[in-house]
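Asks: Dropping in target-v2.pdb, with PDB, C-alpha atoms, pLDDT in the B column.
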MODEL        1
ATOM      1  CA  MET T   1       0.000   0.000   0.000  1.00 34.00           C
ATOM      2  CA  SER T   2       1.338   3.395  -0.968  1.00 38.00           C
ATOM      3  CA  LEU T   3       0.915   6.261   1.466  1.00 39.00           C
ATOM      4  CA  PRO T   4       0.507   9.865   0.365  1.00 43.00           C
ATOM      5  CA  ALA T   5       3.576  12.011   0.993  1.00 44.00           C
ATOM      6  CA  GLY T   6       1.754  14.126   3.586  1.00 44.00           C
ATOM      7  CA  ASP T   7       0.495  11.103   5.519  1.00 45.00           C
ATOM      8  CA  SER T   8       2.446  10.970   8.785  1.00 44.00           C
ATOM      9  CA  ARG T   9       2.277   7.159   8.691  1.00 42.00           C
ATOM     10  CA  ALA T  10       4.808   7.276   5.848  1.00 45.00           C
ATOM     11  CA  PHE T  11       7.380   8.382   8.421  1.00 46.00           C
ATOM     12  CA  PRO T  12       6.465   6.611  11.657  1.00 47.00           C
ATOM     13  CA  THR T  13       7.462   8.123  14.960  1.00 47.00           C
ATOM     14  CA  ILE T  14       8.105   5.808  17.866  1.00 52.00           C
ATOM     15  CA  LEU T  15       7.866   7.509  21.228  1.00 50.00           C
ATOM     16  CA  ASP T  16       9.570   5.843  24.163  1.00 55.00           C
ATOM     17  CA  SER T  17       7.664   7.549  26.946  1.00 64.00           C
ATOM     18  CA  ALA T  18       5.013  10.011  27.940  1.00 66.00           C
ATOM     19  CA  ASP T  19       7.822  12.571  28.300  1.00 70.00           C
ATOM     20  CA  ASP T  20       8.713  12.073  24.622  1.00 67.00           C
ATOM     21  CA  ALA T  21       5.074  12.558  23.654  1.00 72.00           C
ATOM     22  CA  ALA T  22       4.894  15.780  25.683  1.00 76.00           C
ATOM     23  CA  GLU T  23       8.162  17.048  24.201  1.00 75.00           C
ATOM     24  CA  LEU T  24       6.983  16.186  20.693  1.00 74.00           C
ATOM     25  CA  SER T  25       3.787  18.147  21.340  1.00 77.00           C
ATOM     26  CA  ARG T  26       5.862  21.159  22.448  1.00 77.00           C
ATOM     27  CA  LEU T  27       8.039  20.841  19.324  1.00 77.00           C
ATOM     28  CA  GLU T  28       4.948  20.689  17.094  1.00 77.00           C
ATOM     29  CA  ALA T  29       3.703  23.918  18.664  1.00 74.00           C
ATOM     30  CA  ARG T  30       6.952  25.926  18.780  1.00 79.00           C
ATOM     31  CA  LEU T  31       9.364  24.612  16.171  1.00 80.00           C
ATOM     32  CA  PRO T  32       7.558  25.617  12.931  1.00 81.00           C
ATOM     33  CA  LEU T  33       7.564  29.334  13.823  1.00 82.00           C
ATOM     34  CA  LEU T  34      11.242  29.304  14.782  1.00 84.00           C
ATOM     35  CA  LEU T  35      12.236  27.291  11.707  1.00 83.00           C
ATOM     36  CA  SER T  36      10.151  29.579   9.469  1.00 82.00           C
ATOM     37  CA  MET T  37      12.056  32.588  10.793  1.00 86.00           C
ATOM     38  CA  ILE T  38      15.389  30.834  10.219  1.00 86.00           C
ATOM     39  CA  ALA T  39      14.360  29.816   6.692  1.00 85.00           C
ATOM     40  CA  GLY T  40      13.231  33.353   5.905  1.00 84.00           C
ATOM     41  CA  MET T  41      16.527  34.838   7.067  1.00 87.00           C
ATOM     42  CA  VAL T  42      18.624  32.244   5.230  1.00 89.00           C
ATOM     43  CA  ASP T  43      16.500  32.577   2.082  1.00 86.00           C
ATOM     44  CA  SER T  44      16.566  36.374   1.940  1.00 87.00           C
ATOM     45  CA  THR T  45      20.262  36.554   2.798  1.00 89.00           C
ATOM     46  CA  GLY T  46      21.081  33.932   0.184  1.00 87.00           C
ATOM     47  CA  PHE T  47      18.905  35.581  -2.460  1.00 88.00           C
ATOM     48  CA  PHE T  48      20.357  39.056  -1.986  1.00 90.00           C
ATOM     49  CA  THR T  49      24.015  38.124  -1.412  1.00 88.00           C
ATOM     50  CA  LEU T  50      24.600  34.791  -3.174  1.00 87.00           C
ATOM     51  CA  GLY T  51      23.475  35.327  -6.738  1.00 84.00           C
ATOM     52  CA  HIS T  52      19.681  35.315  -6.412  1.00 85.00           C
ATOM     53  CA  VAL T  53      19.488  31.695  -5.274  1.00 87.00           C
ATOM     54  CA  PHE T  54      16.505  30.669  -3.192  1.00 86.00           C
ATOM     55  CA  THR T  55      18.232  28.577  -0.530  1.00 85.00           C
ATOM     56  CA  ALA T  56      15.225  27.695   1.637  1.00 82.00           C
ATOM     57  CA  HIS T  57      12.317  27.795  -0.800  1.00 81.00           C
ATOM     58  CA  VAL T  58      14.074  26.014  -3.655  1.00 80.00           C
ATOM     59  CA  THR T  59      10.947  25.815  -5.757  1.00 79.00           C
ATOM     60  CA  GLY T  60      11.492  29.550  -6.330  1.00 84.00           C
ATOM     61  CA  ASN T  61      14.461  28.483  -8.450  1.00 83.00           C
ATOM     62  CA  ILE T  62      12.086  26.437 -10.628  1.00 81.00           C
ATOM     63  CA  VAL T  63       9.985  29.569 -11.145  1.00 83.00           C
ATOM     64  CA  LEU T  64      13.100  31.548 -12.101  1.00 83.00           C
ATOM     65  CA  ALA T  65      14.109  28.816 -14.566  1.00 80.00           C
ATOM     66  CA  ALA T  66      10.639  28.868 -16.122  1.00 82.00           C
ATOM     67  CA  GLY T  67      10.861  32.649 -16.493  1.00 83.00           C
ATOM     68  CA  VAL T  68      14.209  32.373 -18.258  1.00 81.00           C
ATOM     69  CA  ALA T  69      12.850  29.609 -20.512  1.00 81.00           C
ATOM     70  CA  VAL T  70       9.876  31.772 -21.523  1.00 86.00           C
ATOM     71  CA  ASP T  71      11.468  35.225 -21.732  1.00 83.00           C
ATOM     72  CA  GLY T  72      15.077  34.278 -22.454  1.00 80.00           C
ATOM     73  CA  GLY T  73      18.014  35.630 -20.548  1.00 77.00           C
ATOM     74  CA  SER T  74      20.667  34.012 -18.451  1.00 76.00           C
ATOM     75  CA  PHE T  75      20.126  31.500 -15.718  1.00 76.00           C
ATOM     76  CA  LEU T  76      22.684  31.124 -12.961  1.00 81.00           C
ATOM     77  CA  TRP T  77      24.186  27.662 -12.461  1.00 84.00           C
ATOM     78  CA  ALA T  78      23.677  27.833  -8.688  1.00 87.00           C
ATOM     79  CA  GLN T  79      19.933  28.384  -9.112  1.00 86.00           C
ATOM     80  CA  LEU T  80      19.676  25.234 -11.208  1.00 86.00           C
ATOM     81  CA  LEU T  81      22.010  23.182  -9.001  1.00 91.00           C
ATOM     82  CA  ALA T  82      20.041  24.091  -5.854  1.00 90.00           C
ATOM     83  CA  ILE T  83      17.177  21.748  -6.784  1.00 88.00           C
ATOM     84  CA  PRO T  84      19.129  18.444  -7.057  1.00 92.00           C
ATOM     85  CA  VAL T  85      21.330  19.435  -4.088  1.00 94.00           C
ATOM     86  CA  PHE T  86      18.167  19.952  -2.018  1.00 91.00           C
ATOM     87  CA  MET T  87      16.814  16.564  -3.086  1.00 90.00           C
ATOM     88  CA  LEU T  88      20.117  14.777  -2.406  1.00 94.00           C
ATOM     89  CA  ALA T  89      20.366  16.420   1.024  1.00 93.00           C
ATOM     90  CA  LEU T  90      16.842  15.212   1.855  1.00 90.00           C
ATOM     91  CA  VAL T  91      17.776  11.637   1.000  1.00 91.00           C
ATOM     92  CA  THR T  92      20.972  11.824   3.090  1.00 92.00           C
ATOM     93  CA  VAL T  93      18.962  13.094   6.058  1.00 92.00           C
ATOM     94  CA  TRP T  94      16.547  10.198   5.656  1.00 90.00           C
ATOM     95  CA  LEU T  95      19.484   7.759   5.577  1.00 91.00           C
ATOM     96  CA  VAL T  96      21.005   9.360   8.689  1.00 91.00           C
ATOM     97  CA  ALA T  97      17.637   9.123  10.467  1.00 91.00           C
ATOM     98  CA  GLN T  98      17.329   5.445   9.556  1.00 89.00           C
ATOM     99  CA  ALA T  99      20.904   4.656  10.580  1.00 91.00           C
ATOM    100  CA  SER T 100      20.572   6.499  13.895  1.00 91.00           C
ATOM    101  CA  ARG T 101      17.358   4.606  14.725  1.00 89.00           C
ATOM    102  CA  ARG T 102      16.195   7.735  16.544  1.00 88.00           C
ATOM    103  CA  HIS T 103      12.624   8.972  16.514  1.00 84.00           C
ATOM    104  CA  GLY T 104      10.628  11.939  17.725  1.00 83.00           C
ATOM    105  CA  PRO T 105      12.419  14.431  19.982  1.00 84.00           C
ATOM    106  CA  SER T 106      15.696  12.492  19.920  1.00 87.00           C
ATOM    107  CA  LEU T 107      15.803  12.627  16.119  1.00 90.00           C
ATOM    108  CA  ALA T 108      14.725  16.282  16.170  1.00 88.00           C
ATOM    109  CA  ARG T 109      17.688  17.151  18.421  1.00 89.00           C
ATOM    110  CA  LEU T 110      20.104  15.299  16.122  1.00 92.00           C
ATOM    111  CA  LEU T 111      18.783  16.972  12.969  1.00 91.00           C
ATOM    112  CA  LEU T 112      18.696  20.416  14.598  1.00 90.00           C
ATOM    113  CA  LEU T 113      22.341  19.927  15.609  1.00 93.00           C
ATOM    114  CA  VAL T 114      23.286  19.001  12.042  1.00 92.00           C
ATOM    115  CA  GLN T 115      21.397  22.024  10.685  1.00 92.00           C
ATOM    116  CA  PHE T 116      23.084  24.291  13.238  1.00 93.00           C
ATOM    117  CA  LEU T 117      26.525  22.934  12.297  1.00 95.00           C
ATOM    118  CA  LEU T 118      25.815  23.503   8.602  1.00 94.00           C
ATOM    119  CA  LEU T 119      24.698  27.079   9.264  1.00 94.00           C
ATOM    120  CA  VAL T 120      27.824  27.737  11.362  1.00 96.00           C
ATOM    121  CA  THR T 121      29.922  26.218   8.549  1.00 96.00           C
ATOM    122  CA  LEU T 122      28.141  28.529   6.107  1.00 94.00           C
ATOM    123  CA  LEU T 123      28.872  31.555   8.281  1.00 94.00           C
ATOM    124  CA  ILE T 124      32.563  30.691   8.708  1.00 96.00           C
ATOM    125  CA  PHE T 125      32.966  29.853   4.995  1.00 96.00           C
ATOM    126  CA  SER T 126      31.247  33.079   3.927  1.00 94.00           C
ATOM    127  CA  VAL T 127      33.262  35.289   6.279  1.00 94.00           C
ATOM    128  CA  ILE T 128      36.616  33.711   5.413  1.00 96.00           C
ATOM    129  CA  THR T 129      36.081  33.570   1.643  1.00 95.00           C
ATOM    130  CA  LYS T 130      33.956  36.728   1.295  1.00 95.00           C
ATOM    131  CA  ALA T 131      31.668  34.663  -0.926  1.00 91.00           C
ATOM    132  CA  SER T 132      29.207  37.507  -1.505  1.00 89.00           C
ATOM    133  CA  ALA T 133      31.927  39.665  -3.124  1.00 92.00           C
ATOM    134  CA  ASP T 134      31.186  37.844  -6.400  1.00 92.00           C
ATOM    135  CA  PRO T 135      27.533  36.742  -6.144  1.00 90.00           C
ATOM    136  CA  VAL T 136      27.701  34.616  -9.307  1.00 88.00           C
ATOM    137  CA  GLY T 137      31.131  33.127  -8.562  1.00 91.00           C
ATOM    138  CA  LEU T 138      32.127  29.679  -7.403  1.00 94.00           C
ATOM    139  CA  LEU T 139      32.474  30.689  -3.740  1.00 94.00           C
ATOM    140  CA  ALA T 140      28.989  32.213  -3.652  1.00 93.00           C
ATOM    141  CA  GLY T 141      27.598  29.109  -5.354  1.00 92.00           C
ATOM    142  CA  THR T 142      29.335  26.868  -2.835  1.00 94.00           C
ATOM    143  CA  ALA T 143      27.961  28.946   0.047  1.00 94.00           C
ATOM    144  CA  ALA T 144      24.481  28.761  -1.493  1.00 93.00           C
ATOM    145  CA  MET T 145      24.702  24.942  -1.710  1.00 94.00           C
ATOM    146  CA  ILE T 146      25.717  24.733   1.963  1.00 95.00           C
ATOM    147  CA  ALA T 147      22.670  26.857   2.803  1.00 93.00           C
ATOM    148  CA  VAL T 148      20.424  24.692   0.598  1.00 93.00           C
ATOM    149  CA  SER T 149      21.707  21.587   2.407  1.00 93.00           C
ATOM    150  CA  ALA T 150      20.964  23.134   5.804  1.00 92.00           C
ATOM    151  CA  MET T 151      17.447  24.070   4.742  1.00 90.00           C
ATOM    152  CA  ALA T 152      16.810  20.584   3.319  1.00 90.00           C
ATOM    153  CA  ARG T 153      17.627  19.195   6.755  1.00 89.00           C
ATOM    154  CA  GLN T 154      15.038  21.553   8.201  1.00 86.00           C
ATOM    155  CA  TYR T 155      12.274  20.286   5.911  1.00 85.00           C
ATOM    156  CA  ALA T 156      13.260  16.674   6.563  1.00 87.00           C
ATOM    157  CA  LEU T 157      13.286  17.358  10.302  1.00 86.00           C
ATOM    158  CA  LEU T 158       9.663  18.431  10.255  1.00 83.00           C
ATOM    159  CA  ARG T 159       8.528  15.411   8.246  1.00 84.00           C
ATOM    160  CA  LEU T 160      10.646  12.762   9.968  1.00 86.00           C
ATOM    161  CA  ALA T 161      10.894  13.855  13.596  1.00 82.00           C
ATOM    162  CA  VAL T 162       7.847  16.093  14.090  1.00 80.00           C
ATOM    163  CA  PRO T 163       5.301  14.794  11.548  1.00 80.00           C
ATOM    164  CA  GLY T 164       2.357  16.539  13.202  1.00 76.00           C
ATOM    165  CA  ALA T 165       3.911  19.993  12.740  1.00 75.00           C
ATOM    166  CA  ILE T 166       2.537  22.345  10.128  1.00 72.00           C
ATOM    167  CA  SER T 167       4.523  22.868   6.941  1.00 70.00           C
ATOM    168  CA  THR T 168       6.680  25.981   6.854  1.00 68.00           C
ATOM    169  CA  ALA T 169       6.495  26.228   3.037  1.00 66.00           C
ATOM    170  CA  VAL T 170       3.818  24.429   1.087  1.00 60.00           C
ATOM    171  CA  ILE T 171       5.375  23.822  -2.330  1.00 64.00           C
ATOM    172  CA  THR T 172       8.918  23.183  -1.092  1.00 70.00           C
ATOM    173  CA  GLY T 173       7.376  21.045   1.653  1.00 69.00           C
ATOM    174  CA  ASN T 174       5.551  19.046  -1.002  1.00 73.00           C
ATOM    175  CA  LEU T 175       8.825  18.529  -2.869  1.00 74.00           C
ATOM    176  CA  ALA T 176      10.430  17.381   0.393  1.00 75.00           C
ATOM    177  CA  ASN T 177       7.549  14.966   1.056  1.00 74.00           C
ATOM    178  CA  ALA T 178       7.774  13.547  -2.463  1.00 79.00           C
ATOM    179  CA  VAL T 179      11.544  12.970  -2.242  1.00 81.00           C
ATOM    180  CA  LEU T 180      11.326  11.401   1.224  1.00 80.00           C
ATOM    181  CA  SER T 181       8.439   9.157   0.154  1.00 78.00           C
ATOM    182  CA  ALA T 182      10.386   8.088  -2.930  1.00 80.00           C
ATOM    183  CA  ALA T 183      13.434   7.331  -0.765  1.00 79.00           C
ATOM    184  CA  VAL T 184      11.326   5.151   1.526  1.00 76.00           C
ATOM    185  CA  THR T 185       9.753   3.298  -1.387  1.00 78.00           C
ATOM    186  CA  ILE T 186      12.873   2.851  -3.515  1.00 79.00           C
ATOM    187  CA  LEU T 187      15.289   1.928  -0.759  1.00 73.00           C
ATOM    188  CA  ARG T 188      12.897  -0.457   0.958  1.00 72.00           C
ATOM    189  CA  HIS T 189      12.221  -2.351  -2.239  1.00 70.00           C
ATOM    190  CA  ARG T 190      15.730  -2.186  -3.668  1.00 68.00           C
ATOM    191  CA  CYS T 191      17.662  -3.079  -0.531  1.00 62.00           C
ATOM    192  CA  GLN T 192      15.015  -5.171   1.201  1.00 58.00           C
ATOM    193  CA  TRP T 193      15.869  -3.472   4.486  1.00 50.00           C
ATOM    194  CA  THR T 194      13.442  -3.525   7.340  1.00 50.00           C
ATOM    195  CA  PHE T 195      12.825  -0.156   8.933  1.00 48.00           C
TER     196      PHE T 195
ENDMDL
END
Take the structure in the file and write it out as structure tokens.

Replies:
Amino acid sequence: MSLPAGDSRAFPTILDSADDAAELSRLEARLPLLLSMIAGMVDSTGFFTLGHVFTAHVTGNIVLAAGVAVDGGSFLWAQLLAIPVFMLALVTVWLVAQASRRHGPSLARLLLLVQFLLLVTLLIFSVITKASADPVGLLAGTAAMIAVSAMARQYALLRLAVPGAISTAVITGNLANAVLSAAVTILRHRCQWTF
């Protein structure tokens, strides 16, 4: 039986105690607002300083590509690369979640730590290399891909660790759900793993 991408049963959460259930409820209530603010800051900073790449709402890059295809003009490589990087990052997060065998709040803490480390890496990389000095250069593109990877972890976090939380971006969230559902389906059937 195939489950719709938005169905929380596609990404089961096993809670070890009533404390985990209470913590998960708190995360569902508080985390989306905080993560939305982080995504907004990362997205606007990336768009204005890293070559007009949408780092958090990667489907914006699809819209930009469609505009270039219709009206002509130049399309930046980082805008195009952001979409497969986002999808690959989602799959790696899913693999990390499966390998860690964590669920609920424990998985949320792990994924938040990874996102935090990626954002700190982005900050250090950007300050040292002055990536925004050439917004269409290789350094800016690299910084944008680090940001895209961090934001992919955020979307995966909400679907895998806090499945009852509201989506922080509908279309990008749908893309995240589709990629994670495909990863579950493909890897379960191909590898015959039991999760």

Asks: Calculated over all atoms listed in the file, which of the candidates T:Ala150, T:Leu33, T:Leu24, T:Ala133 has the smallest distance to T:Thr92?

Replies: T:Ala150

Asks: For the atom pair atom CA of T:Asn61 and atom CA of T:Gln79, what is the interatomic distance in Å to one decimal place?

Replies: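 That distance, rounded to one decimal, is 5.5 Å.
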
Asks: Using the chain letters and numbering of this document, enumerate as a short mmCIF file (atom, residue, chain, number, x, y, z; two decimals) with C-alpha atoms, in the coordinates of the input the residues selected by the PyMOL selection byres ((chain T and resi 157) around 12).

Replies:
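The file below, out.cif, is the result:
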data_model
loop_
_atom_site.label_atom_id
_atom_site.label_comp_id
_atom_site.auth_asym_id
_atom_site.auth_seq_id
_atom_site.Cartn_x
_atom_site.Cartn_y
_atom_site.Cartn_z
CA PHE T 11 7.38 8.38 8.42
CA THR T 13 7.46 8.12 14.96
CA LEU T 27 8.04 20.84 19.32
CA GLU T 28 4.95 20.69 17.09
CA LEU T 31 9.36 24.61 16.17
CA PRO T 32 7.56 25.62 12.93
CA LEU T 35 12.24 27.29 11.71
CA ALA T 89 20.37 16.42 1.02
CA LEU T 90 16.84 15.21 1.86
CA VAL T 91 17.78 11.64 1.00
CA THR T 92 20.97 11.82 3.09
CA VAL T 93 18.96 13.09 6.06
CA TRP T 94 16.55 10.20 5.66
CA VAL T 96 21.00 9.36 8.69
CA ALA T 97 17.64 9.12 10.47
CA ARG T 102 16.20 7.74 16.54
CA HIS T 103 12.62 8.97 16.51
CA GLY T 104 10.63 11.94 17.73
CA PRO T 105 12.42 14.43 19.98
CA SER T 106 15.70 12.49 19.92
CA LEU T 107 15.80 12.63 16.12
CA ALA T 108 14.72 16.28 16.17
CA ARG T 109 17.69 17.15 18.42
CA LEU T 110 20.10 15.30 16.12
CA LEU T 111 18.78 16.97 12.97
CA LEU T 112 18.70 20.42 14.60
CA LEU T 113 22.34 19.93 15.61
CA VAL T 114 23.29 19.00 12.04
CA GLN T 115 21.40 22.02 10.68
CA ALA T 150 20.96 23.13 5.80
CA MET T 151 17.45 24.07 4.74
CA ALA T 152 16.81 20.58 3.32
CA ARG T 153 17.63 19.20 6.76
CA GLN T 154 15.04 21.55 8.20
CA TYR T 155 12.27 20.29 5.91
CA ALA T 156 13.26 16.67 6.56
CA LEU T 158 9.66 18.43 10.26
CA ARG T 159 8.53 15.41 8.25
CA LEU T 160 10.65 12.76 9.97
CA ALA T 161 10.89 13.86 13.60
CA VAL T 162 7.85 16.09 14.09
CA PRO T 163 5.30 14.79 11.55
CA GLY T 164 2.36 16.54 13.20
CA ALA T 165 3.91 19.99 12.74
CA ILE T 166 2.54 22.34 10.13
CA SER T 167 4.52 22.87 6.94
CA THR T 168 6.68 25.98 6.85
CA GLY T 173 7.38 21.04 1.65
CA ALA T 176 10.43 17.38 0.39
CA ASN T 177 7.55 14.97 1.06
CA LEU T 180 11.33 11.40 1.22
#

Asks: Go through T:Val68, T:Thr121, T:Leu139, T:Ala147 one by one, measure the shortest atom-to-atom distance of each to T:Ile38 using only C-alpha atoms, and give the residue with the smallest value.

Replies: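 Selected residue with least distance to T:Ile38: T:Ala147.
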
Asks: Once 5 Å is added on each side, what are the centre and the three edge lengths, in Å to one decimal, of the axis-aligned box enclosing the listed atoms of stretch 154-159 of chain T? Present them as JSON.

Replies:
{"center_x": 11.8, "center_y": 18.5, "center_z": 8.1, "size_x": 16.5, "size_y": 16.1, "size_z": 14.4}

Asks: Once you count all atoms listed in the file, which residues end up no further than 12 Å from (28.5, 37.2, -7.6) in the file's frame, shown as a list in words?

Replies: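 So the residues meeting the distance criterion are Gly46, Phe47, Phe48, Thr49, Leu50, Gly51, His52, Val53, Leu76, Trp77, Ala78, Lys130, Ala131, Ser132, Ala133, Asp134, Pro135, Val136, Gly137, Leu138, Leu139, Ala140, Gly141, Thr142, Ala143 and Ala144 of chain T.
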
Asks: Using all atoms listed in the file, find the one residue out of T:Leu175, T:Met87, T:Ala29, T:Ala22 that sits nearest to T:Thr59.

Replies: T:Leu175

Asks: Between atom CA of T:Val148 and atom CA of T:Thr55, what is the distance, to one decimal in Å?

Replies: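 These two atoms are separated by 4.6 Å.
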
Asks: Interatomic distance between atom CA of T:Leu64 and atom CA of T:Thr45?

Replies: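 Value for the atom CA of T:Leu64-atom CA of T:Thr45 distance: 17.3 Å.
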
Asks: Counting all atoms listed in the file, which of T:Leu95, T:His57, T:Val42, T:Gly67 gets nearest to T:Val120?

Replies: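 Closest candidate: T:Val42.
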
Asks: With distances taken over all atoms listed in the file, which residue among T:Arg26, T:Phe116, T:Ile128, T:Val58 lies nearest T:Asn174?

Replies: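 Smallest distance to T:Asn174 is found for T:Val58.
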